[in-house]
Amino acid sequence: MADDTTPQPQPHASAQTIVAPATADDDVVRVEHVGKRFGPTIALRDISMHLRKGEVLGLLGDNGAGKSTLIKILAGFQKPDTGTLWCKGQSYSPSSVDEARRLGVDCVFQDLALINELTVYQNLFLQRERHHRPIPFLSNALMKRESRKALDEIGINIPSIDVPVARLSGGQRQAIAVARTISGDADIILLDEPLAAMGAKEGAMILDVIGRLKAEGNVSIIMILHNYVHVLAACDRVNLIQEGVIGLDKPTAETSVEELTEIVVEEYRRARLEAQEEERRHAAGNGSDVTSAGAGSAPSPDVRR
Amino acid sequence: MAVTSDTSPRGAPARGAADSRARREAGLSGVRRFLTLREGSIVVVTVIAIIYFATSNSRFFTGTNFKTLLPYFAPYAIMAAGQVFVMITGEIDLSIGAMYLFCPFIWEKFHGLGTIPGMILAILVCCLIGAFNGFAVAVVGISSFVTTLGVLFAIDGLTLVISHSTPINTPGVTVLGNSTFERIFGGGTYSELIWAIGIVIILQLLLSFTRWGIYTVSVGGNRLGASEAGIRTRLVLIRNFVMCAGLAAFVGVLEAVRTTTATPDPSGSNDILFQVISAAVIGGTLLQGGSGTVVGALIGALFLGILHDGLIINSVNANYLDLYLGIAILIAMAINTYVSRVRTGSGRG
Ligand SMILES: Nc1ncnc2c1ncn2[C@@H]1O[C@H](COP(=O)(O)OP(=O)(O)O)[C@@H](O)[C@H]1O
Ligand SMILES: [Mg+2]
């Protein structure tokens, strides 16, 4: 996917106080100095982070901060331009989603990766279909039975597992994407905004399931959330991506909704000041175009993803 | 909206409820599946056409006429089966007519190797061209319309070059025309029909009951999502282009054996291309991808064949034939769309 000839981002440690890459002995994932850019856009500048075994890590950041990019890199869907990854003590550079999955890393992508035209159970088993032997016809009956079980376990009621997912609500679709990932046998689970389209009740249900997984202690989870109440309730630790680096790394016990809000509001104020500055400079003289020299590091107000 | 109040994960009552729900679903799905068959509307339209021609002309519903009808739909049905796989992925293969034209001529070049090995090699060459189509679309990222249009012209041109624009006698064809080889590969009266039915059944099974089929739908429905789910979308695309080209080449063989000669006439082969795409679309395959049916394409091809044959039997003036054909196709598509709207009970198209 990624073309490796793109120029490498220069990690510059000037303006930002980079939190020293913390590690622990029981890390299942380690990310060291990862950078990623898309053409002129620097999505990730210099990310270092870690995930401990059995931990639920909340990943925060503004829109366009690069959260999804980081998750996609860990999921094997994109390749980092720079930096190294470690998974369970081994060097980790998955060349595909499939390979990451084989190593026990699975992901719920922000766009859910559901196929509208396929039924609920077909989506739940997408790319891990069960089939008969020796003629490889799909064992639909078996997949339907197991789908039912997986959905009941989450507790989300899907009226029929035989309808195309196009007919379901946003929350139901999200539940299916989550069910698909947690019912697999991954022990490192990445969730990109798993609660975005969910009502309060459905959201609570998913958080319940995550709590249960955590209690069983077999899986480690990285989760992108936007609601700080959810973050404090569900996560052991938070990492905040700011300007392409991890700007904050704290156990949830040592932080609060107020502190997290304050950081983000502060970031917003700074970005606005910079934007005003830029505008003023622009108005002053259109001739000398200082395109993106320093301001390129400000998180783009791009709200797409 | 609908959320169960029971959050206990593995309680016995939950499992009981799940079982009865599953049973209810299984009971309903049989009926619902039948009612929501994508082929439903074209079946209705085809039956209407049959009734119309059968009542308006006594010669329509006869065995002789059925035999005349066969070459007007069996070859299209086979080629449409391959085209459906490409169209479901959201792409289109315009080069199948050229492939159909090209195959007998390249077969003749390989004839020295023996009739059947030469034939297989010729079909493989066309599969390779199909692989090129798939590569250009899936890896290089050129639109399939442009890619296969270019290949269409190139292969048509190549056919004219290697044949020196002269017709050939089909390799392996005997004077009596009744060798086993000929009877199997297009020469026998029902040969093409049997091939068509066999290939359509196999490909429909492939589409409905295997990973290949599920992945084909996935690539057409949500290509990014499919690759996020770990499906190798490029491989799926290339595979379908190869199959589509191979089937077109095979039909080229069948038709060359049936007619005992091959004529390098690109305009005829492009006619076939339009017939095939019409058959697929009339049969219920969406041009925008994500949905389609092989059996529907067979019935679509049958409908086109019946229309053609029925109009000829009714002695329609040759000048009017295409006009009527076109109008009939539009009416059929209108009925088709209406019936499918009634069938799914949705207000939208
Ligand atoms: N495939 C892509 N091509 C080009 N730019 C991209 C791509 N993916 C992400 N970006 C850009 O990278 C930045 C980070 O995006 P993303 O990781 O999706 O942010 P987040 O998930 O934190 O909102 C954004 O500016 C976005 O526009
Ligand atoms: Mg995102």
# chains A, B, ... in the order shown; residues from 1 in each chain; ligands from 1

$ select_by_dssp --residues "segment 101-295 of chain A" --states "helix (DSSP H, G or I)" --output "number ranges by chain"
A: 101-102, 120-124, 140-154, 165-167, 170-182, 200-216, 228-234, 252-254, 257-284, 295

$ residues_near_ligand --ligand "ligand 1" --cutoff "9 Å" --atoms "only C-alpha atoms and all ligand atoms" --output "JSON list (two decimals) with N, CA and C atoms, in the first residue's frame"
[["chain", "number", "residue", "atom", "x", "y", "z"],
["A", 36, "LYS", "N", 5.01, 8.94, 10.00],
["A", 36, "LYS", "CA", 4.25, 8.59, 8.80],
["A", 36, "LYS", "C", 3.72, 9.86, 8.17],
["A", 37, "ARG", "N", 3.95, 10.01, 6.88],
["A", 37, "ARG", "CA", 3.35, 11.17, 6.21],
["A", 37, "ARG", "C", 2.63, 10.74, 4.93],
["A", 38, "PHE", "N", 1.65, 11.55, 4.58],
["A", 38, "PHE", "CA", 0.92, 11.35, 3.33],
["A", 38, "PHE", "C", 1.20, 12.56, 2.46],
["A", 39, "GLY", "N", 2.08, 12.43, 1.53],
["A", 39, "GLY", "CA", 2.45, 13.58, 0.71],
["A", 39, "GLY", "C", 2.94, 14.69, 1.63],
["A", 40, "PRO", "N", 2.31, 15.86, 1.57],
["A", 40, "PRO", "CA", 2.77, 16.97, 2.41],
["A", 40, "PRO", "C", 2.25, 16.87, 3.85],
["A", 41, "THR", "N", 1.27, 16.03, 4.09],
["A", 41, "THR", "CA", 0.67, 15.94, 5.43],
["A", 41, "THR", "C", 1.50, 15.04, 6.33],
["A", 42, "ILE", "N", 1.92, 15.59, 7.46],
["A", 42, "ILE", "CA", 2.61, 14.75, 8.43],
["A", 42, "ILE", "C", 1.57, 14.22, 9.40],
["A", 43, "ALA", "N", 1.26, 12.94, 9.29],
["A", 43, "ALA", "CA", 0.23, 12.35, 10.15],
["A", 43, "ALA", "C", 0.83, 12.02, 11.51],
["A", 44, "LEU", "N", 2.01, 11.39, 11.51],
["A", 44, "LEU", "CA", 2.70, 11.05, 12.74],
["A", 44, "LEU", "C", 4.14, 11.52, 12.61],
["A", 60, "LEU", "N", -6.04, 9.23, 22.76],
["A", 60, "LEU", "CA", -6.81, 10.46, 22.54],
["A", 60, "LEU", "C", -6.09, 11.36, 21.55],
["A", 61, "GLY", "N", -6.80, 12.35, 21.10],
["A", 61, "GLY", "CA", -6.22, 13.31, 20.18],
["A", 61, "GLY", "C", -7.30, 13.96, 19.36],
["A", 62, "ASP", "N", -6.95, 15.14, 18.86],
["A", 62, "ASP", "CA", -7.89, 15.92, 18.06],
["A", 62, "ASP", "C", -8.23, 15.17, 16.77],
["A", 63, "ASN", "N", -9.24, 15.68, 16.07],
["A", 63, "ASN", "CA", -9.49, 15.16, 14.73],
["A", 63, "ASN", "C", -8.27, 15.42, 13.86],
["A", 64, "GLY", "N", -7.83, 14.41, 13.15],
["A", 64, "GLY", "CA", -6.67, 14.58, 12.29],
["A", 64, "GLY", "C", -5.35, 14.49, 13.02],
["A", 65, "ALA", "N", -5.38, 14.10, 14.30],
["A", 65, "ALA", "CA", -4.14, 14.01, 15.07],
["A", 65, "ALA", "C", -3.28, 12.84, 14.64],
["A", 66, "GLY", "N", -3.89, 11.87, 13.97],
["A", 66, "GLY", "CA", -3.14, 10.71, 13.51],
["A", 66, "GLY", "C", -3.45, 9.44, 14.27],
["A", 67, "LYS", "N", -4.50, 9.46, 15.06],
["A", 67, "LYS", "CA", -4.87, 8.27, 15.84],
["A", 67, "LYS", "C", -5.16, 7.08, 14.94],
["A", 68, "SER", "N", -6.00, 7.32, 13.94],
["A", 68, "SER", "CA", -6.36, 6.21, 13.05],
["A", 68, "SER", "C", -5.14, 5.70, 12.29],
["A", 69, "THR", "N", -4.27, 6.63, 11.92],
["A", 69, "THR", "CA", -3.07, 6.23, 11.20],
["A", 69, "THR", "C", -2.21, 5.30, 12.06],
["A", 70, "LEU", "N", -2.06, 5.65, 13.33],
["A", 70, "LEU", "CA", -1.27, 4.81, 14.23],
["A", 70, "LEU", "C", -1.91, 3.43, 14.37],
["A", 71, "ILE", "N", -3.23, 3.41, 14.51],
["A", 71, "ILE", "CA", -3.94, 2.13, 14.65],
["A", 71, "ILE", "C", -3.78, 1.29, 13.37],
["A", 72, "LYS", "N", -3.88, 1.96, 12.22],
["A", 72, "LYS", "CA", -3.76, 1.22, 10.96],
["A", 72, "LYS", "C", -2.36, 0.65, 10.79],
["A", 78, "GLN", "N", -1.25, -0.20, 7.10],
["A", 78, "GLN", "CA", -0.33, 0.77, 6.51],
["A", 78, "GLN", "C", 1.06, 0.53, 7.07],
["A", 110, "GLN", "N", -12.10, 2.44, 11.88],
["A", 110, "GLN", "CA", -13.07, 3.52, 12.09],
["A", 110, "GLN", "C", -14.25, 3.41, 11.11],
["A", 192, "ASP", "N", -10.92, 1.51, 16.88],
["A", 192, "ASP", "CA", -10.89, 2.91, 16.45],
["A", 192, "ASP", "C", -12.29, 3.50, 16.58],
["A", 193, "GLU", "N", -12.50, 4.26, 17.63],
["A", 193, "GLU", "CA", -13.80, 4.88, 17.92],
["A", 193, "GLU", "C", -14.95, 3.88, 17.87],
["A", 224, "ILE", "N", -9.52, 3.98, 20.79],
["A", 224, "ILE", "CA", -9.66, 5.42, 20.56],
["A", 224, "ILE", "C", -11.06, 5.82, 21.00],
["A", 241, "ILE", "N", -2.19, 12.07, 21.60],
["A", 241, "ILE", "CA", -1.35, 12.47, 20.46],
["A", 241, "ILE", "C", -1.54, 13.96, 20.21],
["A", 244, "GLY", "N", 1.63, 15.14, 16.36],
["A", 244, "GLY", "CA", 2.39, 14.01, 15.84],
["A", 244, "GLY", "C", 3.27, 13.27, 16.83],
["A", 299, "PRO", "N", -2.06, 20.73, 14.22],
["A", 299, "PRO", "CA", -3.01, 19.74, 13.73],
["A", 299, "PRO", "C", -3.96, 20.42, 12.75],
["A", 300, "SER", "N", -4.10, 19.83, 11.58],
["A", 300, "SER", "CA", -4.95, 20.45, 10.58],
["A", 300, "SER", "C", -6.39, 20.40, 11.07],
["A", 301, "PRO", "N", -7.16, 21.43, 10.75],
["A", 301, "PRO", "CA", -8.56, 21.45, 11.17],
["A", 301, "PRO", "C", -9.40, 20.51, 10.34],
["A", 302, "ASP", "N", -8.74, 19.75, 9.53],
["A", 302, "ASP", "CA", -9.41, 18.79, 8.66],
["A", 302, "ASP", "C", -10.18, 17.77, 9.50],
["A", 303, "VAL", "N", -11.46, 17.71, 9.31],
["A", 303, "VAL", "CA", -12.28, 16.90, 10.22],
["A", 303, "VAL", "C", -12.67, 15.57, 9.61],
["A", 304, "ARG", "N", -12.09, 15.30, 8.44],
["A", 304, "ARG", "CA", -12.55, 14.08, 7.76],
["A", 304, "ARG", "C", -12.31, 12.84, 8.59],
["A", 305, "ARG", "N", -11.07, 12.60, 8.96],
["A", 305, "ARG", "CA", -10.79, 11.45, 9.79],
["A", 305, "ARG", "C", -9.61, 11.72, 10.67]]

$ residues_around --residues "Leu237 of chain B" --least-positions-apart "6" --cutoff "9 Å" --atoms "only C-alpha atoms" --output "list of chain:residue names"
B:Val86, B:Thr89, B:Glu91, B:Gly134, B:Phe135, B:Val137, B:Ala138, B:Thr216, B:Val219

$ interface_residues --of "chain A" --to "chain B" --cutoff "7 Å" --atoms "only C-alpha atoms" --output "list in words"
Phe77, Val97, Asp98, Ala113, Leu114, Ile115, Asn116, Glu117, Leu126, Gln127, Pro136, Phe137, Leu138, Glu153, Gly155, Ile156, Asn157 and Ser160 of chain A

$ write_last_selection --atoms "C-alpha atoms" --output "compact mmCIF listing (two decimals), in the first residue's frame"
# COMPACT_ATOMS: atom_id res chain seq x y z
CA PHE A 77 -2.92 -1.95 7.00
CA VAL A 97 -3.84 -7.19 7.90
CA ASP A 98 -3.79 -10.93 7.55
CA ALA A 113 -14.90 -2.47 7.09
CA LEU A 114 -18.36 -3.95 6.71
CA ILE A 115 -19.71 -5.00 3.33
CA ASN A 116 -23.23 -3.58 2.99
CA GLU A 117 -24.28 -6.19 0.46
CA LEU A 126 -15.43 -12.15 6.50
CA GLN A 127 -11.92 -13.38 5.71
CA PRO A 136 -14.68 -25.74 -0.11
CA PHE A 137 -18.31 -24.68 0.10
CA LEU A 138 -19.01 -22.32 2.96
CA GLU A 153 -22.48 -12.71 24.12
CA GLY A 155 -25.81 -8.58 24.22
CA ILE A 156 -26.69 -6.47 21.21
CA ASN A 157 -29.93 -7.52 19.64
CA SER A 160 -31.90 -11.22 11.97

$ atom_distance --atom1 "atom CA of Leu213 of chain A" --atom2 "atom CA of Gly58 of chain A"
15.3 Å

$ closest_residue --among "B:Ala81, B:Leu176, B:Val253, B:Leu193" --to "Ile106 of chain B" --atoms "only C-alpha atoms"
B:Val253

$ residues_around --residues "Thr255 of chain A" --least-positions-apart "5" --cutoff "9 Å" --atoms "only C-alpha atoms" --output "PyMOL selection string"
chain A and resi 232+238+250+260

$ write_last_selection --atoms "C-alpha atoms" --output "compact mmCIF listing (two decimals), in the first residue's frame"
# COMPACT_ATOMS: atom_id res chain seq x y z
CA LEU A 232 -11.75 7.21 32.64
CA VAL A 238 -4.28 7.34 28.43
CA LYS A 250 -0.73 8.96 32.31
CA LEU A 260 -7.98 16.11 29.82

$ decode --residues "segment 148-160 of chain B" --atoms "all heavy atoms" --output "PDB file, in the first residue's frame"
ATOM      1  N   THR B 148      -9.859  -2.046 -20.861  1.00  0.00           N
ATOM      2  CA  THR B 148     -10.376  -3.102 -21.721  1.00  0.00           C
ATOM      3  C   THR B 148     -10.799  -2.551 -23.088  1.00  0.00           C
ATOM      4  O   THR B 148     -10.825  -3.291 -24.058  1.00  0.00           O
ATOM      5  CB  THR B 148     -11.550  -3.844 -21.054  1.00  0.00           C
ATOM      6  OG1 THR B 148     -12.596  -2.912 -20.754  1.00  0.00           O
ATOM      7  CG2 THR B 148     -11.099  -4.514 -19.779  1.00  0.00           C
ATOM      8  N   LEU B 149     -11.086  -1.256 -23.138  1.00  0.00           N
ATOM      9  CA  LEU B 149     -11.346  -0.651 -24.446  1.00  0.00           C
ATOM     10  C   LEU B 149     -10.069  -0.679 -25.285  1.00  0.00           C
ATOM     11  O   LEU B 149     -10.076  -1.039 -26.468  1.00  0.00           O
ATOM     12  CB  LEU B 149     -11.834   0.791 -24.276  1.00  0.00           C
ATOM     13  CG  LEU B 149     -12.396   1.473 -25.518  1.00  0.00           C
ATOM     14  CD1 LEU B 149     -13.661   0.762 -25.989  1.00  0.00           C
ATOM     15  CD2 LEU B 149     -12.676   2.936 -25.254  1.00  0.00           C
ATOM     16  N   GLY B 150      -8.956  -0.323 -24.648  1.00  0.00           N
ATOM     17  CA  GLY B 150      -7.669  -0.378 -25.339  1.00  0.00           C
ATOM     18  C   GLY B 150      -7.354  -1.786 -25.790  1.00  0.00           C
ATOM     19  O   GLY B 150      -6.957  -2.014 -26.947  1.00  0.00           O
ATOM     20  N   VAL B 151      -7.568  -2.747 -24.894  1.00  0.00           N
ATOM     21  CA  VAL B 151      -7.281  -4.142 -25.230  1.00  0.00           C
ATOM     22  C   VAL B 151      -8.211  -4.618 -26.343  1.00  0.00           C
ATOM     23  O   VAL B 151      -7.792  -5.354 -27.236  1.00  0.00           O
ATOM     24  CB  VAL B 151      -7.386  -5.030 -23.973  1.00  0.00           C
ATOM     25  CG1 VAL B 151      -7.356  -6.505 -24.332  1.00  0.00           C
ATOM     26  CG2 VAL B 151      -6.248  -4.697 -23.023  1.00  0.00           C
ATOM     27  N   LEU B 152      -9.460  -4.166 -26.296  1.00  0.00           N
ATOM     28  CA  LEU B 152     -10.409  -4.513 -27.360  1.00  0.00           C
ATOM     29  C   LEU B 152      -9.832  -4.141 -28.726  1.00  0.00           C
ATOM     30  O   LEU B 152      -9.726  -4.975 -29.624  1.00  0.00           O
ATOM     31  CB  LEU B 152     -11.724  -3.770 -27.118  1.00  0.00           C
ATOM     32  CG  LEU B 152     -12.914  -3.915 -28.075  1.00  0.00           C
ATOM     33  CD1 LEU B 152     -14.179  -3.444 -27.360  1.00  0.00           C
ATOM     34  CD2 LEU B 152     -12.790  -3.143 -29.364  1.00  0.00           C
ATOM     35  N   PHE B 153      -9.391  -2.891 -28.862  1.00  0.00           N
ATOM     36  CA  PHE B 153      -8.867  -2.452 -30.161  1.00  0.00           C
ATOM     37  C   PHE B 153      -7.585  -3.200 -30.509  1.00  0.00           C
ATOM     38  O   PHE B 153      -7.398  -3.638 -31.648  1.00  0.00           O
ATOM     39  CB  PHE B 153      -8.615  -0.940 -30.151  1.00  0.00           C
ATOM     40  CG  PHE B 153      -9.878  -0.149 -30.286  1.00  0.00           C
ATOM     41  CD1 PHE B 153     -10.260   0.758 -29.314  1.00  0.00           C
ATOM     42  CD2 PHE B 153     -10.703  -0.324 -31.393  1.00  0.00           C
ATOM     43  CE1 PHE B 153     -11.439   1.488 -29.442  1.00  0.00           C
ATOM     44  CE2 PHE B 153     -11.872   0.401 -31.529  1.00  0.00           C
ATOM     45  CZ  PHE B 153     -12.241   1.307 -30.548  1.00  0.00           C
ATOM     46  N   ALA B 154      -6.709  -3.344 -29.522  1.00  0.00           N
ATOM     47  CA  ALA B 154      -5.433  -4.003 -29.785  1.00  0.00           C
ATOM     48  C   ALA B 154      -5.638  -5.440 -30.256  1.00  0.00           C
ATOM     49  O   ALA B 154      -5.010  -5.891 -31.221  1.00  0.00           O
ATOM     50  CB  ALA B 154      -4.557  -3.970 -28.535  1.00  0.00           C
ATOM     51  N   ILE B 155      -6.537  -6.163 -29.584  1.00  0.00           N
ATOM     52  CA  ILE B 155      -6.732  -7.569 -29.933  1.00  0.00           C
ATOM     53  C   ILE B 155      -7.496  -7.716 -31.255  1.00  0.00           C
ATOM     54  O   ILE B 155      -7.195  -8.588 -32.067  1.00  0.00           O
ATOM     55  CB  ILE B 155      -7.464  -8.316 -28.791  1.00  0.00           C
ATOM     56  CG1 ILE B 155      -6.618  -8.259 -27.511  1.00  0.00           C
ATOM     57  CG2 ILE B 155      -7.733  -9.770 -29.165  1.00  0.00           C
ATOM     58  CD1 ILE B 155      -5.270  -8.910 -27.627  1.00  0.00           C
ATOM     59  N   ASP B 156      -8.478  -6.848 -31.459  1.00  0.00           N
ATOM     60  CA  ASP B 156      -9.144  -6.839 -32.766  1.00  0.00           C
ATOM     61  C   ASP B 156      -8.109  -6.623 -33.873  1.00  0.00           C
ATOM     62  O   ASP B 156      -8.090  -7.332 -34.885  1.00  0.00           O
ATOM     63  CB  ASP B 156     -10.189  -5.713 -32.832  1.00  0.00           C
ATOM     64  CG  ASP B 156     -11.540  -6.150 -32.270  1.00  0.00           C
ATOM     65  OD1 ASP B 156     -11.684  -7.354 -31.969  1.00  0.00           O
ATOM     66  OD2 ASP B 156     -12.426  -5.288 -32.131  1.00  0.00           O
ATOM     67  N   GLY B 157      -7.238  -5.642 -33.645  1.00  0.00           N
ATOM     68  CA  GLY B 157      -6.210  -5.335 -34.636  1.00  0.00           C
ATOM     69  C   GLY B 157      -5.262  -6.507 -34.836  1.00  0.00           C
ATOM     70  O   GLY B 157      -4.946  -6.885 -35.972  1.00  0.00           O
ATOM     71  N   LEU B 158      -4.852  -7.101 -33.712  1.00  0.00           N
ATOM     72  CA  LEU B 158      -3.934  -8.241 -33.790  1.00  0.00           C
ATOM     73  C   LEU B 158      -4.569  -9.388 -34.578  1.00  0.00           C
ATOM     74  O   LEU B 158      -3.901 -10.075 -35.361  1.00  0.00           O
ATOM     75  CB  LEU B 158      -3.570  -8.698 -32.372  1.00  0.00           C
ATOM     76  CG  LEU B 158      -2.439  -9.696 -32.234  1.00  0.00           C
ATOM     77  CD1 LEU B 158      -1.159  -9.140 -32.840  1.00  0.00           C
ATOM     78  CD2 LEU B 158      -2.222 -10.054 -30.771  1.00  0.00           C
ATOM     79  N   THR B 159      -5.865  -9.572 -34.375  1.00  0.00           N
ATOM     80  CA  THR B 159      -6.573 -10.632 -35.100  1.00  0.00           C
ATOM     81  C   THR B 159      -6.507 -10.386 -36.606  1.00  0.00           C
ATOM     82  O   THR B 159      -6.231 -11.297 -37.384  1.00  0.00           O
ATOM     83  CB  THR B 159      -8.044 -10.696 -34.654  1.00  0.00           C
ATOM     84  OG1 THR B 159      -8.094 -10.793 -33.236  1.00  0.00           O
ATOM     85  CG2 THR B 159      -8.746 -11.895 -35.263  1.00  0.00           C
ATOM     86  N   LEU B 160      -6.741  -9.136 -36.993  1.00  0.00           N
ATOM     87  CA  LEU B 160      -6.670  -8.800 -38.424  1.00  0.00           C
ATOM     88  C   LEU B 160      -5.263  -9.042 -38.952  1.00  0.00           C
ATOM     89  O   LEU B 160      -5.077  -9.553 -40.056  1.00  0.00           O
ATOM     90  CB  LEU B 160      -7.075  -7.336 -38.648  1.00  0.00           C
ATOM     91  CG  LEU B 160      -8.551  -7.020 -38.397  1.00  0.00           C
ATOM     92  CD1 LEU B 160      -8.820  -5.533 -38.524  1.00  0.00           C
ATOM     93  CD2 LEU B 160      -9.427  -7.807 -39.377  1.00  0.00           C
TER      94      LEU B 160
END
